[in-house]
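For reference, start_27.cif (mmCIF, C-alpha atoms):
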```
data_upload
#
loop_
_atom_site.group_PDB
_atom_site.id
_atom_site.type_symbol
_atom_site.label_atom_id
_atom_site.label_comp_id
_atom_site.auth_asym_id
_atom_site.auth_seq_id
_atom_site.Cartn_x
_atom_site.Cartn_y
_atom_site.Cartn_z
ATOM 1 C CA MET A 1 -79.825 -91.175 -58.174
ATOM 2 C CA ILE A 2 -79.198 -87.893 -59.945
ATOM 3 C CA SER A 3 -77.256 -87.718 -63.211
ATOM 4 C CA GLY A 4 -76.189 -85.079 -65.684
ATOM 5 C CA ALA A 5 -74.405 -81.814 -65.092
ATOM 6 C CA VAL A 6 -76.743 -78.845 -65.219
ATOM 7 C CA LYS A 7 -75.331 -75.782 -66.932
ATOM 8 C CA ARG A 8 -77.390 -72.655 -67.540
ATOM 9 C CA PRO A 9 -77.127 -71.839 -71.255
ATOM 10 C CA GLU A 10 -76.080 -68.345 -72.242
ATOM 11 C CA SER A 11 -78.652 -66.050 -73.761
ATOM 12 C CA ASN A 12 -78.199 -64.882 -77.360
ATOM 13 C CA GLN A 13 -78.845 -61.367 -76.038
ATOM 14 C CA PRO A 14 -77.605 -61.131 -72.428
ATOM 15 C CA ILE A 15 -78.547 -58.244 -70.177
ATOM 16 C CA PRO A 16 -75.424 -56.044 -69.979
ATOM 17 C CA SER A 17 -73.841 -55.520 -66.572
ATOM 18 C CA ASP A 18 -74.518 -51.767 -66.788
ATOM 19 C CA ALA A 19 -78.263 -52.212 -67.462
ATOM 20 C CA CYS A 20 -80.642 -50.551 -65.004
ATOM 21 C CA ARG A 21 -83.593 -52.327 -63.472
ATOM 22 C CA VAL A 22 -86.561 -50.003 -64.040
ATOM 23 C CA PHE A 23 -89.366 -52.242 -62.739
ATOM 24 C CA LYS A 24 -89.746 -55.214 -60.394
ATOM 25 C CA GLY A 25 -93.070 -57.027 -60.275
ATOM 26 C CA GLN A 26 -94.124 -60.302 -58.676
ATOM 27 C CA LEU A 27 -92.859 -62.344 -61.630
ATOM 28 C CA PHE A 28 -90.972 -60.031 -63.993
ATOM 29 C CA GLU A 29 -88.163 -57.498 -63.756
ATOM 30 C CA VAL A 30 -87.553 -55.000 -66.580
ATOM 31 C CA PHE A 31 -84.013 -53.883 -67.470
ATOM 32 C CA GLN A 32 -83.007 -51.046 -69.829
ATOM 33 C CA TRP A 33 -79.694 -49.964 -71.331
ATOM 34 C CA GLU A 34 -78.347 -47.687 -74.040
ATOM 35 C CA GLN A 35 -77.193 -49.529 -77.164
ATOM 36 C CA GLN A 36 -75.182 -47.955 -79.979
ATOM 37 C CA GLN A 37 -76.592 -48.696 -83.440
ATOM 38 C CA TYR A 38 -74.618 -49.366 -86.632
ATOM 39 C CA ASP A 39 -75.143 -45.767 -87.822
ATOM 40 C CA GLY A 40 -73.674 -44.377 -84.560
ATOM 41 C CA SER A 41 -77.000 -43.387 -83.024
ATOM 42 C CA VAL A 42 -78.006 -44.666 -79.584
ATOM 43 C CA ARG A 43 -81.289 -46.360 -78.652
ATOM 44 C CA THR A 44 -82.706 -47.685 -75.406
ATOM 45 C CA PHE A 45 -82.921 -51.477 -75.342
ATOM 46 C CA GLU A 46 -85.073 -53.418 -72.924
ATOM 47 C CA LYS A 47 -85.288 -56.979 -71.651
ATOM 48 C CA LEU A 48 -87.328 -58.882 -69.072
ATOM 49 C CA ARG A 49 -86.029 -61.309 -66.470
ATOM 50 C CA ARG A 50 -88.089 -63.943 -64.695
ATOM 51 C CA PRO A 51 -87.354 -67.056 -62.591
ATOM 52 C CA ASP A 52 -86.245 -70.112 -64.538
ATOM 53 C CA THR A 53 -88.615 -73.042 -65.027
ATOM 54 C CA VAL A 54 -88.086 -76.782 -64.583
ATOM 55 C CA VAL A 55 -90.153 -79.249 -66.624
ATOM 56 C CA VAL A 56 -90.205 -82.893 -65.550
ATOM 57 C CA LEU A 57 -90.941 -85.808 -67.838
ATOM 58 C CA PRO A 58 -92.028 -88.487 -65.303
ATOM 59 C CA VAL A 59 -91.836 -92.129 -66.434
ATOM 60 C CA THR A 60 -93.521 -94.842 -64.355
ATOM 61 C CA LEU A 61 -92.181 -98.311 -63.547
ATOM 62 C CA ASN A 62 -94.231 -99.726 -66.449
ATOM 63 C CA GLY A 63 -92.886 -97.171 -68.955
ATOM 64 C CA LYS A 64 -95.863 -94.794 -69.046
ATOM 65 C CA ILE A 65 -95.328 -91.035 -69.249
ATOM 66 C CA LEU A 66 -97.237 -88.897 -66.759
ATOM 67 C CA THR A 67 -98.777 -85.763 -68.252
ATOM 68 C CA THR A 68 -101.278 -83.261 -66.902
ATOM 69 C CA VAL A 69 -104.371 -81.366 -67.962
ATOM 70 C CA GLN A 70 -104.492 -78.098 -66.037
ATOM 71 C CA LYS A 71 -106.913 -75.294 -65.341
ATOM 72 C CA GLN A 72 -105.769 -71.933 -63.995
ATOM 73 C CA PRO A 73 -107.805 -68.757 -63.472
ATOM 74 C CA GLY A 74 -107.999 -66.530 -66.553
ATOM 75 C CA ARG A 75 -106.363 -69.112 -68.828
ATOM 76 C CA LYS A 76 -107.634 -71.745 -71.245
ATOM 77 C CA THR A 77 -107.282 -75.378 -70.153
ATOM 78 C CA PHE A 78 -103.899 -76.722 -71.242
ATOM 79 C CA CYS A 79 -101.893 -79.970 -71.440
ATOM 80 C CA SER A 80 -98.374 -80.132 -70.048
ATOM 81 C CA LEU A 81 -95.757 -82.124 -68.282
ATOM 82 C CA VAL A 82 -95.101 -81.526 -64.589
ATOM 83 C CA GLY A 83 -93.185 -78.378 -63.741
ATOM 84 C CA GLY A 84 -92.963 -74.887 -62.443
ATOM 85 C CA ARG A 85 -90.832 -71.988 -61.312
ATOM 86 C CA GLN A 86 -87.479 -72.542 -59.682
ATOM 87 C CA GLU A 87 -87.340 -71.007 -56.205
ATOM 88 C CA PRO A 88 -84.331 -68.883 -55.151
ATOM 89 C CA ASN A 89 -81.361 -71.048 -54.082
ATOM 90 C CA GLU A 90 -83.122 -74.209 -55.292
ATOM 91 C CA SER A 91 -81.292 -76.589 -57.654
ATOM 92 C CA VAL A 92 -82.910 -77.805 -60.864
ATOM 93 C CA PHE A 93 -83.243 -81.270 -59.322
ATOM 94 C CA ASP A 94 -84.766 -79.909 -56.105
ATOM 95 C CA THR A 95 -87.348 -78.027 -58.172
ATOM 96 C CA ALA A 96 -88.122 -81.179 -60.182
ATOM 97 C CA LEU A 97 -88.708 -83.236 -57.023
ATOM 98 C CA ARG A 98 -90.810 -80.505 -55.387
ATOM 99 C CA GLU A 99 -92.985 -79.970 -58.461
ATOM 100 C CA MET A 100 -93.630 -83.718 -58.887
ATOM 101 C CA ASN A 101 -94.623 -83.997 -55.258
ATOM 102 C CA GLU A 102 -96.829 -80.873 -55.292
ATOM 103 C CA GLU A 103 -98.533 -81.320 -58.663
ATOM 104 C CA ILE A 104 -99.069 -85.082 -58.859
ATOM 105 C CA GLY A 105 -97.951 -86.609 -55.528
ATOM 106 C CA TYR A 106 -95.180 -88.712 -57.110
ATOM 107 C CA SER A 107 -91.539 -89.379 -56.300
ATOM 108 C CA CYS A 108 -88.902 -91.114 -58.420
ATOM 109 C CA GLU A 109 -85.925 -93.425 -58.251
ATOM 110 C CA SER A 110 -83.707 -91.280 -60.471
ATOM 111 C CA LEU A 111 -83.510 -87.889 -62.148
ATOM 112 C CA LYS A 112 -81.529 -87.125 -65.287
ATOM 113 C CA PHE A 113 -80.859 -83.672 -66.692
ATOM 114 C CA TRP A 114 -81.962 -83.703 -70.339
ATOM 115 C CA PHE A 115 -81.517 -80.246 -71.888
ATOM 116 C CA ALA A 116 -82.118 -76.532 -71.299
ATOM 117 C CA VAL A 117 -83.200 -73.683 -73.576
ATOM 118 C CA HIS A 118 -83.837 -69.945 -73.600
ATOM 119 C CA PRO A 119 -87.331 -69.876 -75.199
ATOM 120 C CA THR A 120 -86.922 -66.247 -76.330
ATOM 121 C CA THR A 121 -84.196 -63.608 -76.556
ATOM 122 C CA LYS A 122 -86.356 -60.859 -75.015
ATOM 123 C CA ILE A 123 -86.691 -62.605 -71.637
ATOM 124 C CA ASP A 124 -83.782 -63.780 -69.493
ATOM 125 C CA TRP A 125 -85.426 -67.116 -68.681
ATOM 126 C CA VAL A 126 -84.282 -70.721 -69.033
ATOM 127 C CA VAL A 127 -86.494 -73.803 -69.230
ATOM 128 C CA TYR A 128 -84.744 -76.938 -67.929
ATOM 129 C CA PHE A 129 -85.981 -80.408 -68.901
ATOM 130 C CA VAL A 130 -85.434 -83.353 -66.561
ATOM 131 C CA ILE A 131 -86.393 -87.018 -67.024
ATOM 132 C CA ALA A 132 -87.631 -88.762 -63.863
ATOM 133 C CA LYS A 133 -87.477 -92.578 -63.970
ATOM 134 C CA ASN A 134 -89.377 -95.233 -62.019
ATOM 135 C CA CYS A 135 -91.933 -92.770 -60.693
ATOM 136 C CA VAL A 136 -94.406 -93.976 -58.081
ATOM 137 C CA GLN A 137 -97.209 -92.305 -56.192
ATOM 138 C CA SER A 138 -95.876 -91.393 -52.769
ATOM 139 C CA GLY A 139 -98.490 -89.023 -51.414
ATOM 140 C CA ARG A 140 -101.332 -86.706 -52.235
ATOM 141 C CA PRO A 141 -100.842 -83.780 -54.586
ATOM 142 C CA SER A 142 -100.844 -80.353 -52.951
ATOM 143 C CA ALA A 143 -101.285 -78.107 -55.969
ATOM 144 C CA ASP A 144 -101.437 -74.349 -55.652
ATOM 145 C CA VAL A 145 -104.918 -72.927 -54.933
ATOM 146 C CA GLY A 146 -104.811 -71.369 -58.414
ATOM 147 C CA GLU A 147 -104.407 -74.755 -60.140
ATOM 148 C CA GLU A 148 -106.641 -77.715 -60.901
ATOM 149 C CA ILE A 149 -104.479 -80.571 -62.160
ATOM 150 C CA ALA A 150 -105.641 -83.877 -63.630
ATOM 151 C CA LEU A 151 -103.044 -86.609 -64.129
ATOM 152 C CA VAL A 152 -103.054 -88.409 -67.488
ATOM 153 C CA GLU A 153 -100.911 -91.517 -68.077
ATOM 154 C CA LYS A 154 -99.761 -91.977 -71.691
ATOM 155 C CA SER A 155 -97.846 -94.532 -73.699
ATOM 156 C CA PHE A 156 -94.828 -93.181 -75.584
ATOM 157 C CA GLU A 157 -96.857 -93.108 -78.814
ATOM 158 C CA GLU A 158 -99.716 -91.221 -77.116
ATOM 159 C CA PHE A 159 -97.213 -88.784 -75.651
ATOM 160 C CA LEU A 160 -95.851 -88.009 -79.132
ATOM 161 C CA GLU A 161 -99.372 -87.128 -80.304
ATOM 162 C CA LEU A 162 -99.371 -84.190 -77.866
ATOM 163 C CA ALA A 163 -97.077 -82.436 -80.370
ATOM 164 C CA LEU A 164 -100.170 -81.959 -82.555
ATOM 165 C CA ASP A 165 -102.375 -80.691 -79.721
ATOM 166 C CA GLU A 166 -102.711 -76.886 -79.649
ATOM 167 C CA ALA A 167 -103.320 -77.086 -75.890
ATOM 168 C CA PHE A 168 -99.841 -78.611 -75.263
ATOM 169 C CA VAL A 169 -97.668 -75.861 -73.762
ATOM 170 C CA ASP A 170 -94.230 -77.501 -73.554
ATOM 171 C CA VAL A 171 -93.472 -76.347 -77.089
ATOM 172 C CA GLU A 172 -89.693 -76.700 -76.683
ATOM 173 C CA LEU A 173 -90.245 -80.469 -76.942
ATOM 174 C CA VAL A 174 -92.370 -80.375 -80.097
ATOM 175 C CA PRO A 175 -89.488 -80.540 -82.650
ATOM 176 C CA LYS A 176 -88.096 -83.691 -80.958
ATOM 177 C CA MET A 177 -91.582 -85.220 -80.847
ATOM 178 C CA LEU A 178 -92.355 -84.446 -84.511
ATOM 179 C CA LYS A 179 -89.023 -85.889 -85.669
ATOM 180 C CA ALA A 180 -89.833 -89.078 -83.757
ATOM 181 C CA MET A 181 -93.236 -89.233 -85.454
ATOM 182 C CA ILE A 182 -91.765 -89.146 -88.977
ATOM 183 C CA SER A 183 -88.486 -91.062 -88.574
ATOM 184 C CA LYS A 184 -88.129 -94.607 -87.245
ATOM 185 C CA GLY A 185 -84.548 -93.873 -86.179
ATOM 186 C CA GLU A 186 -85.588 -90.722 -84.304
ATOM 187 C CA PHE A 187 -88.514 -92.637 -82.769
ATOM 188 C CA GLU A 188 -86.229 -95.347 -81.384
ATOM 189 C CA SER A 189 -83.623 -92.818 -80.231
ATOM 190 C CA LEU A 190 -86.130 -90.626 -78.375
ATOM 191 C CA LYS A 191 -87.952 -93.607 -76.890
ATOM 192 C CA GLY A 192 -84.640 -95.008 -75.639
ATOM 193 C CA GLU A 193 -83.699 -91.667 -74.132
ATOM 194 C CA ILE A 194 -87.028 -91.239 -72.329
ATOM 195 C CA ILE A 195 -88.220 -94.765 -71.549
ATOM 196 C CA GLY A 196 -84.875 -96.572 -71.551
#
```
Go through the file and emit its structure as structure tokens.
Amino acid sequence: MISGAVKRPESNQPIPSDACRVFKGQLFEVFQWEQQQYDGSVRTFEKLRRPDTVVVLPVTLNGKILTTVQKQPGRKTFCSLVGGRQEPNESVFDTALREMNEEIGYSCESLKFWFAVHPTTKIDWVVYFVIAKNCVQSGRPSADVGEEIALVEKSFEEFLELALDEAFVDVELVPKMLKAMISKGEFESLKGEIIG
């Protein structure tokens, strides 16, 4: 079952329709445009675009949250939820299912759209968060050759502690997690939203 309407949020600084693409790499595109300033002068503005990302918060049948510890070439080891880049013409939910299958070998009974954010104004890039319920192992992970992924099962309380871990990369979740750590009402609300 899939629930929740997915709407791409608008950027606080959208790329204008008359902007010119001046570079296209494997991950990033660079756009430039002329922007009039308040004093009447004109300056060249610039913004990057990259594929959107989907982050999945997988919850098992017994209410545990599945997290990962990952190694990638040229990068420090990090902690994260399951997720990755959205492929062209792939829905947010399709990306969530594919990433769960590839990274941890799990499938789920239901997916629920949670929220979406633009992490920065200088990159046209949205991070979507999806909650996957009643997750079960359904196969073997088939992670990218540039990834080593270890699965770590956490209780809700242990999951919240990731907010204090400098290696945790899903920083868009940290404010929600910290509020739940200091407020009983926020704790119960977030736990109900994630665990049910």
Applied to this file, what does the PyMOL selection byres ((chain A and resi 66-74) around 7) return in terms of residues, put as a PyMOL selection string? chain A and resi 58-59+64-65+75-82+146-154
Kindly compute an axis-aligned box around the listed atoms of region 171-190 of chain A, allowing 3 Å on each side, and express its centre and edge lengths in Å to one decimal as lines of an AutoDock Vina configuration file.
```
center_x = -88.5
center_y = -85.8
center_z = -82.8
size_x = 15.8
size_y = 25.0
size_z = 18.3
```
Please list as a PDB file with C-alpha atoms, keeping the file's coordinate frame every residue within 8 Å of region 184-196 of chain A, counting all atoms listed in the file and excluding residues in the same chain fewer than 4 positions away.
```
ATOM      1  CA  VAL A  59     -91.836 -92.129 -66.434  1.00  0.00           C
ATOM      2  CA  GLY A  63     -92.886 -97.171 -68.955  1.00  0.00           C
ATOM      3  CA  ILE A 131     -86.393 -87.018 -67.024  1.00  0.00           C
ATOM      4  CA  LYS A 133     -87.477 -92.578 -63.970  1.00  0.00           C
ATOM      5  CA  PHE A 156     -94.828 -93.181 -75.584  1.00  0.00           C
ATOM      6  CA  LYS A 176     -88.096 -83.691 -80.958  1.00  0.00           C
ATOM      7  CA  LYS A 179     -89.023 -85.889 -85.669  1.00  0.00           C
ATOM      8  CA  ALA A 180     -89.833 -89.078 -83.757  1.00  0.00           C
TER       9      ALA A 180
END
```
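Minimum distance to Leu61 (chain A) across A:Ala5, A:Cys108, A:Ile123, A:Leu164 (counting only C-alpha atoms) occurs at A:Cys108.
Distances from A:Phe28, A:Asp170, A:Asp52, A:Gln37 to His118 (chain A) were compared using all atoms listed in the file, and the smallest one belongs to A:Asp52.
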Expressed in Å, the length from CA of Thr60 (chain A) to CA of Val136 (chain A) is 6.4 Å
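Candidate residues A:Ser41, A:Thr53, A:Trp33, A:Glu87 were compared for distance to Asp124 (chain A), and the nearest is A:Thr53, using all atoms listed in the file.
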Decode the PyMOL selection byres ((chain A and resi 54) around 7) for the given file into explicit residues and return them as number ranges by chain. A: 52-53, 55-56, 83-86, 92, 95-96, 127-129
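Among the candidate residues A:Ala116, A:Met1, A:Val145, A:Val6, the one lying nearest to Ser91 (chain A) is A:Val6, with distances computed using only C-alpha atoms.
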Under the PyMOL selection byres ((chain A and resi 17) around 12), which residues of this model are included? Write them out as a VMD selection string. chain A and resid 14 to 16 18 to 21 31 to 34
Which of A:Leu173, A:Leu162, A:Met100, A:Leu57 sits closest to Gln137 (chain A) [using all atoms listed in the file]: A:Met100
